[in-house]
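Novice: input_33.cif is reproduced below (mmCIF, C-alpha atoms and all ligand atoms).
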data_protein
loop_
_atom_site.label_atom_id
_atom_site.label_comp_id
_atom_site.auth_asym_id
_atom_site.auth_seq_id
_atom_site.Cartn_x
_atom_site.Cartn_y
_atom_site.Cartn_z
CA MET A 9 16.21 42.57 34.30
CA LEU A 10 18.46 40.57 36.60
CA LEU A 11 15.54 38.40 37.55
CA GLY A 12 14.80 37.91 33.87
CA LEU A 13 18.37 36.80 33.19
CA ALA A 14 18.33 34.50 36.19
CA LEU A 15 15.11 32.92 34.96
CA CYS A 16 16.58 32.48 31.49
CA GLY A 17 19.62 30.79 33.04
CA LEU A 18 17.41 28.53 35.09
CA ALA A 19 15.35 27.65 32.05
CA ALA A 20 18.52 26.60 30.24
CA ILE A 21 19.46 24.25 33.08
CA LEU A 22 16.02 22.77 33.75
CA PRO A 23 14.88 20.07 31.37
CA ARG A 24 12.10 21.26 29.07
CA ALA A 25 9.08 19.18 29.86
CA GLU A 26 8.00 18.74 26.23
CA ALA A 27 11.51 17.86 25.05
CA GLN A 28 11.89 15.03 27.55
CA PRO A 29 9.89 12.01 26.41
CA SER A 30 7.94 10.84 29.44
CA SER A 31 7.01 7.53 27.87
CA SER A 32 7.76 5.49 24.82
CA LEU A 33 5.96 3.34 22.26
CA GLN A 34 7.41 0.37 20.46
CA VAL A 35 6.22 0.66 16.87
CA HIS A 36 6.27 -2.42 14.65
CA HIS A 37 6.17 -1.78 10.87
CA TRP A 38 7.73 -2.60 7.51
CA TRP A 39 8.86 0.85 6.37
CA THR A 40 12.55 0.37 5.67
CA SER A 41 13.28 2.18 2.37
CA ALA A 42 14.56 5.78 2.35
CA SER A 43 11.14 7.32 1.61
CA GLU A 44 9.36 5.01 4.04
CA ARG A 45 11.87 5.95 6.74
CA ARG A 46 11.38 9.62 6.02
CA ALA A 47 7.61 9.20 6.40
CA ALA A 48 7.96 7.21 9.64
CA ASN A 49 10.30 9.92 10.93
CA VAL A 50 7.58 12.52 10.45
CA LEU A 51 5.46 10.51 12.89
CA ALA A 52 8.36 9.83 15.27
CA LEU A 53 9.31 13.52 15.42
CA ARG A 54 5.79 14.72 16.05
CA LEU A 55 5.33 12.06 18.72
CA GLY A 56 8.60 13.13 20.33
CA GLU A 57 7.37 16.73 20.44
CA GLU A 58 4.46 15.44 22.49
CA GLY A 59 6.76 13.74 24.97
CA VAL A 60 6.57 10.19 23.65
CA GLU A 61 9.59 8.38 22.27
CA TRP A 62 9.06 6.28 19.11
CA LYS A 63 10.99 3.04 19.57
CA ASP A 64 11.43 1.77 16.08
CA GLY A 65 10.70 -1.87 15.26
CA ALA A 66 11.12 -2.00 11.47
CA ILE A 67 11.10 -5.46 9.87
CA PRO A 68 12.24 -5.49 6.22
CA GLY A 69 10.15 -7.07 3.47
CA GLY A 70 7.94 -5.38 0.87
CA ALA A 71 4.18 -5.52 1.52
CA GLY A 72 4.83 -6.67 5.09
CA LEU A 73 5.57 -10.37 4.56
CA GLY A 74 8.27 -10.51 7.26
CA ALA A 75 6.55 -7.99 9.54
CA GLY A 76 3.32 -10.04 9.59
CA LYS A 77 5.17 -13.21 10.61
CA VAL A 78 7.22 -11.47 13.30
CA LEU A 79 4.09 -9.82 14.66
CA LYS A 80 2.35 -13.19 15.07
CA SER A 81 5.30 -14.71 16.93
CA ARG A 82 5.68 -11.67 19.16
CA VAL A 83 2.03 -11.72 20.16
CA LEU A 84 2.13 -15.48 20.79
CA ALA A 85 5.20 -14.96 22.98
CA GLY A 86 3.31 -12.36 25.02
CA ASP A 87 5.49 -9.56 23.66
CA ALA A 88 3.09 -7.55 21.48
CA PRO A 89 4.37 -4.14 20.30
CA ASP A 90 2.50 -1.05 21.55
CA ALA A 91 1.69 0.09 18.04
CA THR A 92 1.79 -1.76 14.77
CA GLN A 93 1.31 -1.24 11.08
CA ILE A 94 -1.47 -3.67 10.14
CA ILE A 95 -3.68 -2.97 7.19
CA GLY A 96 -7.04 -3.89 5.72
CA ALA A 97 -8.47 -7.28 6.66
CA SER A 98 -5.64 -7.92 9.15
CA ILE A 99 -7.06 -5.20 11.39
CA GLY A 100 -10.33 -7.11 11.79
CA GLU A 101 -8.48 -10.39 12.34
CA TRP A 102 -6.52 -8.95 15.29
CA ALA A 103 -9.50 -6.98 16.62
CA GLU A 104 -11.66 -10.10 16.60
CA LEU A 105 -9.23 -11.65 19.09
CA GLY A 106 -9.92 -8.72 21.40
CA LEU A 107 -6.28 -7.59 21.33
CA LEU A 108 -6.61 -4.11 19.84
CA LEU A 109 -7.19 -0.89 21.71
CA GLU A 110 -10.45 0.88 20.89
CA PHE A 111 -10.00 4.63 20.69
CA ASP A 112 -13.44 5.96 19.79
CA GLY A 113 -12.84 9.01 21.98
CA VAL A 114 -9.86 10.08 19.85
CA ALA A 115 -11.94 9.72 16.70
CA VAL A 116 -14.84 11.73 18.11
CA ALA A 117 -12.54 14.50 19.38
CA GLY A 118 -10.75 14.64 16.02
CA GLY A 119 -14.01 14.75 14.06
CA TRP A 120 -12.96 11.66 12.08
CA ASN A 121 -16.59 11.02 11.06
CA ASN A 122 -16.59 14.09 8.86
CA ALA A 123 -12.90 14.42 8.15
CA LEU A 124 -12.22 10.94 6.74
CA PHE A 125 -13.35 9.44 3.47
CA PRO A 126 -16.18 6.97 4.32
CA THR A 127 -14.19 4.01 2.94
CA VAL A 128 -11.28 4.90 5.21
CA LEU A 129 -13.58 5.31 8.21
CA ALA A 130 -15.06 1.86 7.56
CA LEU A 131 -11.57 0.35 7.30
CA VAL A 132 -10.45 1.60 10.72
CA GLN A 133 -13.57 0.32 12.51
CA HIS A 134 -14.38 -3.11 13.85
CA ARG A 135 -17.82 -3.86 15.25
CA LYS A 136 -18.48 -0.10 15.28
CA HIS A 137 -15.34 0.70 17.32
CA VAL A 138 -12.32 2.56 16.02
CA VAL A 139 -9.29 0.26 16.24
CA ALA A 140 -6.83 1.82 13.78
CA ALA A 141 -5.50 5.25 12.87
CA PRO A 142 -5.32 5.93 9.12
CA LEU A 143 -2.18 7.45 7.62
CA GLY A 144 -2.39 7.54 3.85
CA ILE A 145 -3.96 6.08 0.72
CA HIS A 146 -1.72 4.43 -1.86
CA ARG A 147 -2.77 3.97 -5.47
CA ILE A 148 -1.86 0.51 -6.70
CA ASN A 149 -2.96 1.06 -10.31
CA THR A 150 -0.03 3.35 -10.96
CA LEU A 151 1.96 3.13 -14.18
CA LEU A 152 5.27 4.94 -13.89
CA TYR A 153 6.73 5.75 -17.28
CA ASN A 154 10.04 7.25 -18.22
CA ARG A 155 9.40 10.40 -20.23
CA LYS A 156 12.83 10.42 -21.94
CA LEU A 157 12.48 6.83 -23.12
CA PHE A 158 8.90 7.49 -24.24
CA ALA A 159 10.10 10.53 -26.19
CA ARG A 160 12.78 8.41 -27.86
CA ALA A 161 10.04 6.07 -29.14
CA LYS A 162 7.74 9.07 -29.88
CA LEU A 163 5.09 7.78 -27.49
CA ALA A 164 2.32 9.27 -25.40
CA PRO A 165 1.33 7.46 -22.18
CA PRO A 166 -1.00 4.55 -23.04
CA SER A 167 -4.53 4.52 -21.68
CA THR A 168 -5.87 1.23 -23.06
CA TRP A 169 -4.49 -2.30 -23.26
CA HIS A 170 -4.18 -1.90 -27.04
CA GLU A 171 -2.09 1.29 -26.67
CA LEU A 172 0.03 -0.39 -24.02
CA ALA A 173 0.81 -3.29 -26.36
CA LEU A 174 1.67 -0.84 -29.16
CA ALA A 175 3.89 1.14 -26.80
CA ALA A 176 5.75 -2.04 -25.79
CA ALA A 177 6.42 -2.84 -29.46
CA ALA A 178 7.54 0.73 -30.23
CA LEU A 179 9.91 0.76 -27.26
CA ARG A 180 11.45 -2.53 -28.30
CA ALA A 181 11.91 -1.20 -31.82
CA VAL A 182 14.17 1.54 -30.44
CA GLY A 183 16.06 -0.91 -28.23
CA VAL A 184 14.34 -0.10 -24.93
CA ALA A 185 13.02 -2.80 -22.57
CA PRO A 186 9.32 -1.94 -22.09
CA LEU A 187 8.74 -3.08 -18.51
CA LEU A 188 10.47 -3.75 -15.21
CA GLN A 189 9.27 -6.37 -12.80
CA SER A 190 10.47 -8.48 -9.91
CA SER A 191 9.33 -12.09 -9.57
CA GLU A 192 8.64 -11.67 -5.85
CA PRO A 193 5.14 -13.14 -5.45
CA TRP A 194 3.50 -9.97 -4.11
CA GLN A 195 4.99 -7.86 -6.89
CA VAL A 196 3.82 -10.25 -9.61
CA ALA A 197 0.37 -10.34 -8.02
CA THR A 198 0.27 -6.53 -7.92
CA LEU A 199 0.64 -6.43 -11.69
CA PHE A 200 -1.90 -9.23 -12.01
CA GLU A 201 -4.62 -7.56 -9.94
CA ASN A 202 -4.17 -4.53 -12.18
CA LEU A 203 -4.72 -6.73 -15.23
CA VAL A 204 -7.86 -8.29 -13.71
CA LEU A 205 -9.25 -4.83 -13.00
CA ALA A 206 -8.38 -3.54 -16.46
CA GLU A 207 -9.97 -6.49 -18.24
CA GLY A 208 -12.86 -7.32 -15.92
CA GLY A 209 -13.82 -3.92 -14.48
CA PRO A 210 -14.65 -3.30 -10.81
CA ASP A 211 -17.70 -5.59 -10.57
CA TYR A 212 -15.87 -8.63 -11.85
CA TYR A 213 -12.81 -7.77 -9.75
CA ARG A 214 -14.98 -7.73 -6.61
CA GLU A 215 -16.69 -10.97 -7.60
CA LEU A 216 -13.31 -12.69 -7.87
CA PHE A 217 -11.29 -11.13 -5.08
CA VAL A 218 -13.84 -9.89 -2.54
CA ARG A 219 -16.79 -12.29 -2.82
CA GLN A 220 -14.47 -15.00 -4.18
CA THR A 221 -17.12 -17.03 -5.96
CA PRO A 222 -15.69 -20.19 -7.54
CA GLN A 223 -17.68 -19.33 -10.74
CA ALA A 224 -15.65 -16.13 -11.08
CA ALA A 225 -12.51 -18.26 -11.31
CA ALA A 226 -13.94 -19.97 -14.41
CA ASP A 227 -14.71 -16.65 -16.15
CA ALA A 228 -13.13 -15.93 -19.54
CA ARG A 229 -11.95 -12.52 -18.28
CA LEU A 230 -9.60 -14.25 -15.87
CA ALA A 231 -8.10 -16.25 -18.72
CA VAL A 232 -7.48 -12.99 -20.60
CA ALA A 233 -5.77 -11.42 -17.59
CA LEU A 234 -3.53 -14.47 -17.20
CA GLU A 235 -2.63 -14.49 -20.90
CA ARG A 236 -1.73 -10.81 -20.67
CA LEU A 237 0.46 -11.45 -17.65
CA ARG A 238 2.37 -14.04 -19.65
CA LEU A 239 2.61 -11.76 -22.65
CA MET A 240 3.97 -8.98 -20.45
CA LYS A 241 6.57 -11.35 -19.07
CA GLY A 242 8.04 -11.20 -22.57
CA TRP A 243 8.32 -7.39 -22.29
CA MET A 244 10.24 -7.51 -19.06
CA ALA A 245 13.88 -6.93 -18.49
CA SER A 246 14.86 -10.06 -16.45
CA PRO A 247 11.39 -11.23 -15.35
CA LEU A 248 12.63 -13.95 -13.01
CA ASP A 249 14.78 -11.71 -10.90
CA GLU A 250 13.37 -11.84 -7.39
CA GLN A 251 14.34 -8.33 -6.33
CA PRO A 252 12.95 -6.22 -3.52
CA TRP A 253 10.80 -3.36 -4.80
CA THR A 254 13.51 -0.85 -3.93
CA GLY A 255 15.88 -2.65 -6.29
CA VAL A 256 13.32 -2.46 -9.08
CA VAL A 257 12.89 1.28 -8.46
CA ARG A 258 16.67 1.80 -8.65
CA ARG A 259 16.71 0.03 -12.01
CA PHE A 260 13.86 2.24 -13.21
CA ALA A 261 15.91 5.26 -12.11
CA ARG A 262 18.84 3.95 -14.19
CA ARG A 263 16.53 3.81 -17.25
CA GLU A 264 16.82 0.04 -17.56
CA ALA A 265 13.22 -0.06 -18.80
CA ALA A 266 10.52 2.43 -19.69
CA MET A 267 7.59 1.36 -17.46
CA LEU A 268 6.81 0.02 -14.03
CA VAL A 269 3.38 -0.92 -12.65
CA THR A 270 3.29 -0.65 -8.87
CA GLY A 271 2.04 1.29 -5.85
CA ASP A 272 2.86 5.00 -5.75
CA TRP A 273 5.38 4.47 -2.92
CA ALA A 274 7.78 3.98 -5.86
CA LYS A 275 7.29 7.66 -6.78
CA ALA A 276 8.45 8.71 -3.31
CA GLU A 277 11.49 6.45 -3.55
CA LEU A 278 12.42 7.95 -6.93
CA LYS A 279 12.36 11.35 -5.26
CA GLU A 280 14.84 10.07 -2.67
CA LEU A 281 17.04 8.92 -5.55
CA GLY A 282 16.92 12.45 -6.98
CA VAL A 283 14.84 11.49 -10.04
CA PRO A 284 12.52 14.41 -10.86
CA LEU A 285 8.79 13.79 -11.31
CA ASP A 286 7.33 15.22 -14.54
CA ASP A 287 10.79 15.66 -15.99
CA GLU A 288 12.40 12.22 -16.02
CA PHE A 289 9.21 10.26 -15.28
CA SER A 290 5.47 10.67 -14.70
CA CYS A 291 2.55 8.64 -13.36
CA ALA A 292 -0.50 7.50 -15.30
CA PRO A 293 -3.26 5.11 -14.26
CA MET A 294 -2.70 1.51 -15.35
CA PRO A 295 -4.15 1.36 -18.90
CA GLY A 296 -7.80 0.31 -18.77
CA THR A 297 -8.29 1.52 -15.19
CA GLY A 298 -8.22 5.29 -15.83
CA LYS A 299 -11.10 6.45 -13.64
CA LEU A 300 -10.63 3.79 -10.98
CA HIS A 301 -8.58 3.86 -7.83
CA LEU A 302 -7.13 0.52 -6.74
CA TYR A 303 -6.31 1.43 -3.18
CA SER A 304 -4.34 0.37 -0.14
CA VAL A 305 -4.66 2.38 3.07
CA ASP A 306 -1.83 2.41 5.61
CA THR A 307 -2.95 2.26 9.23
CA LEU A 308 -1.55 1.89 12.73
CA SER A 309 -3.27 -0.16 15.43
CA MET A 310 -2.43 -0.42 19.12
CA PHE A 311 -2.23 -3.55 21.24
CA THR A 312 -3.97 -3.28 24.60
CA GLN A 313 -1.54 -5.38 26.69
CA ASP A 314 -1.95 -4.14 30.28
CA TYR A 315 -3.32 -0.73 29.22
CA ALA A 316 -0.11 0.88 30.55
CA HIS A 317 0.49 2.98 27.42
CA VAL A 318 -3.00 4.12 26.53
CA ALA A 319 -2.27 7.84 26.85
CA ALA A 320 0.75 7.62 24.53
CA GLN A 321 -1.07 5.31 22.11
CA GLU A 322 -3.96 7.74 21.89
CA LYS A 323 -1.53 10.59 21.21
CA LEU A 324 -0.11 8.70 18.24
CA ALA A 325 -3.59 7.92 16.91
CA ARG A 326 -4.69 11.53 17.29
CA LEU A 327 -1.69 13.15 15.67
CA ALA A 328 -1.67 10.73 12.70
CA VAL A 329 -4.87 12.27 11.38
CA THR A 330 -4.13 15.97 12.02
CA PRO A 331 -3.98 18.00 8.79
CA ALA A 332 -0.32 18.98 9.29
CA VAL A 333 0.92 15.42 9.87
CA GLN A 334 -1.23 14.14 7.02
CA GLN A 335 0.33 16.65 4.66
CA GLN A 336 3.97 16.02 5.71
CA TYR A 337 3.69 12.27 6.10
CA ASN A 338 2.02 11.71 2.73
CA LEU A 339 4.43 14.01 0.94
CA ALA A 340 7.28 11.78 2.12
CA LYS A 341 5.45 8.48 1.63
CA GLY A 342 4.02 8.97 -1.86
CA SER A 343 0.47 8.26 -0.65
CA VAL A 344 -2.33 10.82 -0.31
CA PRO A 345 -4.18 12.17 2.75
CA VAL A 346 -7.09 10.22 4.18
CA ARG A 347 -8.87 13.53 4.82
CA ARG A 348 -11.63 14.89 2.62
CA ASP A 349 -10.52 18.46 3.34
CA ALA A 350 -6.97 17.99 1.99
CA ASP A 351 -5.93 20.52 -0.65
CA PRO A 352 -5.11 18.88 -3.99
CA ALA A 353 -3.40 22.09 -5.13
CA GLN A 354 -0.63 21.33 -2.61
CA MET A 355 0.02 17.89 -4.14
CA ASP A 356 2.30 16.76 -6.97
CA SER A 357 0.68 15.64 -10.24
CA CYS A 358 0.68 11.96 -9.30
CA ALA A 359 -0.84 12.52 -5.84
CA ARG A 360 -3.39 15.01 -7.17
CA ALA A 361 -4.69 12.47 -9.72
CA SER A 362 -4.81 9.78 -7.03
CA TRP A 363 -6.59 11.89 -4.41
CA THR A 364 -9.08 13.23 -6.95
CA ALA A 365 -9.92 9.74 -8.25
CA PHE A 366 -10.36 8.42 -4.71
CA ALA A 367 -12.50 11.41 -3.70
CA LYS A 368 -15.03 10.52 -6.45
CA GLY A 369 -16.44 7.92 -4.05
CA ALA A 370 -17.13 4.24 -3.61
CA GLN A 371 -17.85 3.46 -7.30
CA SER A 372 -14.32 4.51 -8.27
CA GLN A 373 -12.62 2.78 -5.35
CA VAL A 374 -11.43 -0.80 -5.68
CA PRO A 375 -9.69 -2.63 -2.79
CA SER A 376 -6.27 -4.15 -3.46
CA LEU A 377 -6.09 -7.90 -2.88
CA VAL A 378 -2.32 -7.93 -2.48
CA HIS A 379 -2.43 -5.18 0.12
CA ARG A 380 -5.10 -6.95 2.19
CA MET A 381 -7.94 -4.53 1.40
CA ALA A 382 -10.10 -7.11 -0.40
CA ALA A 383 -9.75 -10.35 1.53
CA ASP A 384 -8.27 -12.09 4.55
CA GLU A 385 -4.63 -13.12 4.68
CA GLU A 386 -5.34 -16.81 4.01
CA SER A 387 -7.20 -16.40 0.73
CA ARG A 388 -4.89 -13.57 -0.36
CA ASP A 389 -1.87 -15.83 0.10
CA ALA A 390 -3.53 -18.76 -1.66
CA ILE A 391 -4.45 -16.65 -4.73
CA ILE A 392 -1.01 -15.02 -4.89
CA ALA A 393 0.65 -18.47 -4.79
CA GLU A 394 -1.35 -19.65 -7.84
CA VAL A 395 -0.59 -16.50 -9.82
CA HIS A 396 3.09 -16.72 -8.95
CA ARG A 397 3.28 -20.37 -9.98
CA PHE A 398 1.79 -19.42 -13.36
CA PHE A 399 4.19 -16.51 -13.78
CA VAL A 400 7.42 -18.41 -13.12
CA ASN A 401 6.49 -21.61 -14.96
CA ASP A 402 5.48 -21.19 -18.62
CA ALA A 403 4.24 -24.79 -18.74
CA VAL A 404 1.28 -23.91 -16.49
CA THR A 405 -1.76 -22.98 -18.60
CA PRO A 406 -4.38 -20.33 -17.78
CA GLY A 407 -7.01 -23.12 -17.69
CA GLU A 408 -5.02 -24.98 -15.04
CA VAL A 409 -4.75 -21.84 -12.89
CA GLN A 410 -8.50 -21.31 -13.25
CA ARG A 411 -9.30 -24.87 -12.16
CA ARG A 412 -6.93 -24.68 -9.20
CA LEU A 413 -8.24 -21.28 -8.16
CA ALA A 414 -11.84 -22.49 -8.31
CA ALA A 415 -10.87 -25.41 -6.05
CA VAL A 416 -9.04 -23.09 -3.65
CA LEU A 417 -12.04 -20.74 -3.44
CA ARG A 418 -14.43 -23.66 -2.93
CA SER A 419 -12.39 -25.08 -0.07
CA LEU A 420 -12.00 -21.65 1.58
CA LYS A 421 -15.77 -21.26 1.41
CA LEU A 422 -16.31 -24.63 3.05
CA GLN A 423 -13.78 -23.87 5.78
CA HIS A 424 -15.26 -20.49 6.60
CA ARG A 425 -18.83 -21.23 5.50
CA LYS A 426 -18.62 -18.00 3.52
C1 LIG B 1 2.35 -0.65 2.30
C2 LIG B 1 3.25 0.52 1.96
C3 LIG B 1 4.66 0.04 1.68
C4 LIG B 1 4.62 -1.05 0.62
C5 LIG B 1 5.98 -1.59 0.25
C6 LIG B 1 2.45 -1.73 1.26
O1 LIG B 1 1.74 -2.85 1.68
O2 LIG B 1 1.02 -0.23 2.37
O3 LIG B 1 3.26 1.44 3.01
O4 LIG B 1 5.46 1.12 1.28
O5 LIG B 1 3.80 -2.10 1.07
O6 LIG B 1 6.52 -2.32 1.31
#
Output the file's structure as structure tokens, nothing else.
Specialist:
Amino acid sequence: MLLGLALCGLAAILPRAEAQPSSSLQVHHWWTSASERRAANVLALRLGEEGVEWKDGAIPGGAGLGAGKVLKSRVLAGDAPDATQIIGASIGEWAELGLLLEFDGVAVAGGWNNALFPTVLALVQHRKHVVAAPLGIHRINTLLYNRKLFARAKLAPPSTWHELALAAAALRAVGVAPLLQSSEPWQVATLFENLVLAEGGPDYYRELFVRQTPQAAADARLAVALERLRLMKGWMASPLDEQPWTGVVRRFARREAAMLVTGDWAKAELKELGVPLDDEFSCAPMPGTGKLHLYSVDTLSMFTQDYAHVAAQEKLARLAVTPAVQQQYNLAKGSVPVRRDADPAQMDSCARASWTAFAKGAQSQVPSLVHRMAADEESRDAIIAEVHRFFVNDAVTPGEVQRRLAAVLRSLKLQHRK
């Protein structure tokens, strides 16, 4: 008994091995909103439980504009972070330079081959080696609509372009602004890639954004998508307001407009603002893209440096994919698990629809251009710049954008001999 008490006393004085981080990882990312922070904290806490301190290196800027630039300068200055959020094509670009840690052993031990959706598995590999740990799948073709404002106009959620146009007119007739939007280039381009997918379907979308054939830029379907973007500008409450996405979400929460087309991270942010899903608002697929899943997958990669942090880096990679972390992280983030064995019954209505659509397989999955899933950074940026120019300046015609885009795609092909 006495010995027991003495041991208890000793235990209270001695540091608990698992509570004392023995090493740390600098993690570079662009999760700065309340919901993003909550999701990153899930990872930081779990890592801490395994004795590794998460040293946060958040760089603000939706879709990682600032984070990407800071990452490049840090690496050039010989100060690469230990772990970094890089997604889609950027993973291959960094891996090609030989700077990313390969952690095939972690993937084998975690059974990633069977556990992950094949598209996700392909995304985290470079030249057959695993160089990224997947966290969650976002759905970019998400239409958030305010149920109260829809009820006021006696509307059901639209599922075709025609219904969407009718809904916009009905909302206006009852004095409600149909759509919210920021003129930040990546946010405009997010709406635009949705319009291209809705009008052109997945094959045309891939022709334009993945294979990037100059002929695709001349296609009549692109002209339609551009005309619709301009038409929608007329539905927007203050279309030229260059707000961060969090600002747009706050305005949606204040019922400043009835609809918002964006990634489902907005759903998670609405939860942080106390706006209840399926009461105040719901999700629907972007009209015309019902069965499709326009995806962006969040991933973490590790820089090799001097290999001093490999054990801690592998811990982070391993725990990111465990079922428990997947469930908690994605609940906070608004994305859905990358695992095929996730339980859709545990998800909210928006996540369930997303996960189920993604799980249907490659034919339903379409890679987001804006979120680097479809193309390299250079062509992504060039396309976004043309779309943005068209959006802000009404004097630019769809034909002009098409000609300029064809020229851009031709010169990219020459440069890279694509
Ligand atoms: C990332 C998300 C992030 C969003 C807004 C996307 O590119 O995948 O994790 O929440 O940008 O910054």
Novice: What's the 6 Å shell around stretch 206-209 of chain A, counting only C-alpha atoms, without same-chain residues fewer than 2 positions away, as a list of chain:residue names?
Specialist: A:Leu203, A:Val204, A:Asp211, A:Tyr212, A:Arg229, A:Gly296, A:Thr297
Novice: Extract, using all atoms listed in the file, all DNA, RNA and protein residues at most 12 Å from A:His134, discarding same-chain residues fewer than 6 positions from it, and format them as a VMD selection string.
Specialist: chain A and resid 96 to 112 140 309
Novice: Would you mind exporting the chosen residues as a PDB file, keeping the file's coordinate frame, restricted to C-alpha atoms?
Specialist:
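See out.pdb below for the written result:
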ATOM      1  CA  GLY A  96      -7.040  -3.890   5.720  1.00  0.00           C
ATOM      2  CA  ALA A  97      -8.470  -7.280   6.660  1.00  0.00           C
ATOM      3  CA  SER A  98      -5.640  -7.920   9.150  1.00  0.00           C
ATOM      4  CA  ILE A  99      -7.060  -5.200  11.390  1.00  0.00           C
ATOM      5  CA  GLY A 100     -10.330  -7.110  11.790  1.00  0.00           C
ATOM      6  CA  GLU A 101      -8.480 -10.390  12.340  1.00  0.00           C
ATOM      7  CA  TRP A 102      -6.520  -8.950  15.290  1.00  0.00           C
ATOM      8  CA  ALA A 103      -9.500  -6.980  16.620  1.00  0.00           C
ATOM      9  CA  GLU A 104     -11.660 -10.100  16.600  1.00  0.00           C
ATOM     10  CA  LEU A 105      -9.230 -11.650  19.090  1.00  0.00           C
ATOM     11  CA  GLY A 106      -9.920  -8.720  21.400  1.00  0.00           C
ATOM     12  CA  LEU A 107      -6.280  -7.590  21.330  1.00  0.00           C
ATOM     13  CA  LEU A 108      -6.610  -4.110  19.840  1.00  0.00           C
ATOM     14  CA  LEU A 109      -7.190  -0.890  21.710  1.00  0.00           C
ATOM     15  CA  GLU A 110     -10.450   0.880  20.890  1.00  0.00           C
ATOM     16  CA  PHE A 111     -10.000   4.630  20.690  1.00  0.00           C
ATOM     17  CA  ASP A 112     -13.440   5.960  19.790  1.00  0.00           C
ATOM     18  CA  ALA A 140      -6.830   1.820  13.780  1.00  0.00           C
ATOM     19  CA  SER A 309      -3.270  -0.160  15.430  1.00  0.00           C
TER      20      SER A 309
END
Novice: Which residues are near A:Gln321? Cut-off 12 Å, only C-alpha atoms, ignore same chain within fewer than 3 positions. Put them as a PDB file with C-alpha atoms, in the frame of the given file.
Specialist:
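Saved the output as result-v4.pdb:
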ATOM      1  CA  SER A  31       7.010   7.530  27.870  1.00  0.00           C
ATOM      2  CA  SER A  32       7.760   5.490  24.820  1.00  0.00           C
ATOM      3  CA  LEU A  33       5.960   3.340  22.260  1.00  0.00           C
ATOM      4  CA  GLN A  34       7.410   0.370  20.460  1.00  0.00           C
ATOM      5  CA  VAL A  35       6.220   0.660  16.870  1.00  0.00           C
ATOM      6  CA  LEU A  55       5.330  12.060  18.720  1.00  0.00           C
ATOM      7  CA  GLU A  58       4.460  15.440  22.490  1.00  0.00           C
ATOM      8  CA  GLY A  59       6.760  13.740  24.970  1.00  0.00           C
ATOM      9  CA  VAL A  60       6.570  10.190  23.650  1.00  0.00           C
ATOM     10  CA  GLU A  61       9.590   8.380  22.270  1.00  0.00           C
ATOM     11  CA  TRP A  62       9.060   6.280  19.110  1.00  0.00           C
ATOM     12  CA  PRO A  89       4.370  -4.140  20.300  1.00  0.00           C
ATOM     13  CA  ASP A  90       2.500  -1.050  21.550  1.00  0.00           C
ATOM     14  CA  ALA A  91       1.690   0.090  18.040  1.00  0.00           C
ATOM     15  CA  THR A  92       1.790  -1.760  14.770  1.00  0.00           C
ATOM     16  CA  LEU A 108      -6.610  -4.110  19.840  1.00  0.00           C
ATOM     17  CA  LEU A 109      -7.190  -0.890  21.710  1.00  0.00           C
ATOM     18  CA  GLU A 110     -10.450   0.880  20.890  1.00  0.00           C
ATOM     19  CA  PHE A 111     -10.000   4.630  20.690  1.00  0.00           C
ATOM     20  CA  VAL A 114      -9.860  10.080  19.850  1.00  0.00           C
ATOM     21  CA  VAL A 139      -9.290   0.260  16.240  1.00  0.00           C
ATOM     22  CA  ALA A 140      -6.830   1.820  13.780  1.00  0.00           C
ATOM     23  CA  ALA A 141      -5.500   5.250  12.870  1.00  0.00           C
ATOM     24  CA  LEU A 308      -1.550   1.890  12.730  1.00  0.00           C
ATOM     25  CA  SER A 309      -3.270  -0.160  15.430  1.00  0.00           C
ATOM     26  CA  MET A 310      -2.430  -0.420  19.120  1.00  0.00           C
ATOM     27  CA  PHE A 311      -2.230  -3.550  21.240  1.00  0.00           C
ATOM     28  CA  THR A 312      -3.970  -3.280  24.600  1.00  0.00           C
ATOM     29  CA  GLN A 313      -1.540  -5.380  26.690  1.00  0.00           C
ATOM     30  CA  TYR A 315      -3.320  -0.730  29.220  1.00  0.00           C
ATOM     31  CA  ALA A 316      -0.110   0.880  30.550  1.00  0.00           C
ATOM     32  CA  HIS A 317       0.490   2.980  27.420  1.00  0.00           C
ATOM     33  CA  VAL A 318      -3.000   4.120  26.530  1.00  0.00           C
ATOM     34  CA  LEU A 324      -0.110   8.700  18.240  1.00  0.00           C
ATOM     35  CA  ALA A 325      -3.590   7.920  16.910  1.00  0.00           C
ATOM     36  CA  ARG A 326      -4.690  11.530  17.290  1.00  0.00           C
ATOM     37  CA  LEU A 327      -1.690  13.150  15.670  1.00  0.00           C
ATOM     38  CA  ALA A 328      -1.670  10.730  12.700  1.00  0.00           C
TER      39      ALA A 328
END
Novice: Could you state the separation of atom CA of A:Val374 and atom CA of A:Cys358 in Å, given to one decimal place?
Specialist: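 Value for the atom CA of A:Val374-atom CA of A:Cys358 distance: 18.0 Å.
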Novice: Could you give me, as a list of chain:residue names, every polymer residue with an atom at most 7 Å away from an atom of ligand LIG 1 (chain B), counting only C-alpha atoms and all ligand atoms?
Specialist: A:Trp38, A:Trp39, A:Glu44, A:Gly69, A:Gly70, A:Ala71, A:Gly72, A:His146, A:Trp273, A:Ser304, A:Val305, A:Asp306, A:His379
Novice: If I take atom CA of A:Met381 and atom CA of A:Phe366, how far is one from the other in Å, to one decimal?
Specialist: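 Between these atoms lies a distance of 14.5 Å.
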Novice: Excluding A:Leu420 and its own-chain neighbours fewer than 2 positions away, which residues fall within 10 Å of it when counting all atoms listed in the file? Please give them as JSON, numbers by chain.
Specialist: {"A": [220, 222, 386, 387, 390, 414, 415, 416, 417, 418, 422, 423, 424, 425, 426]}
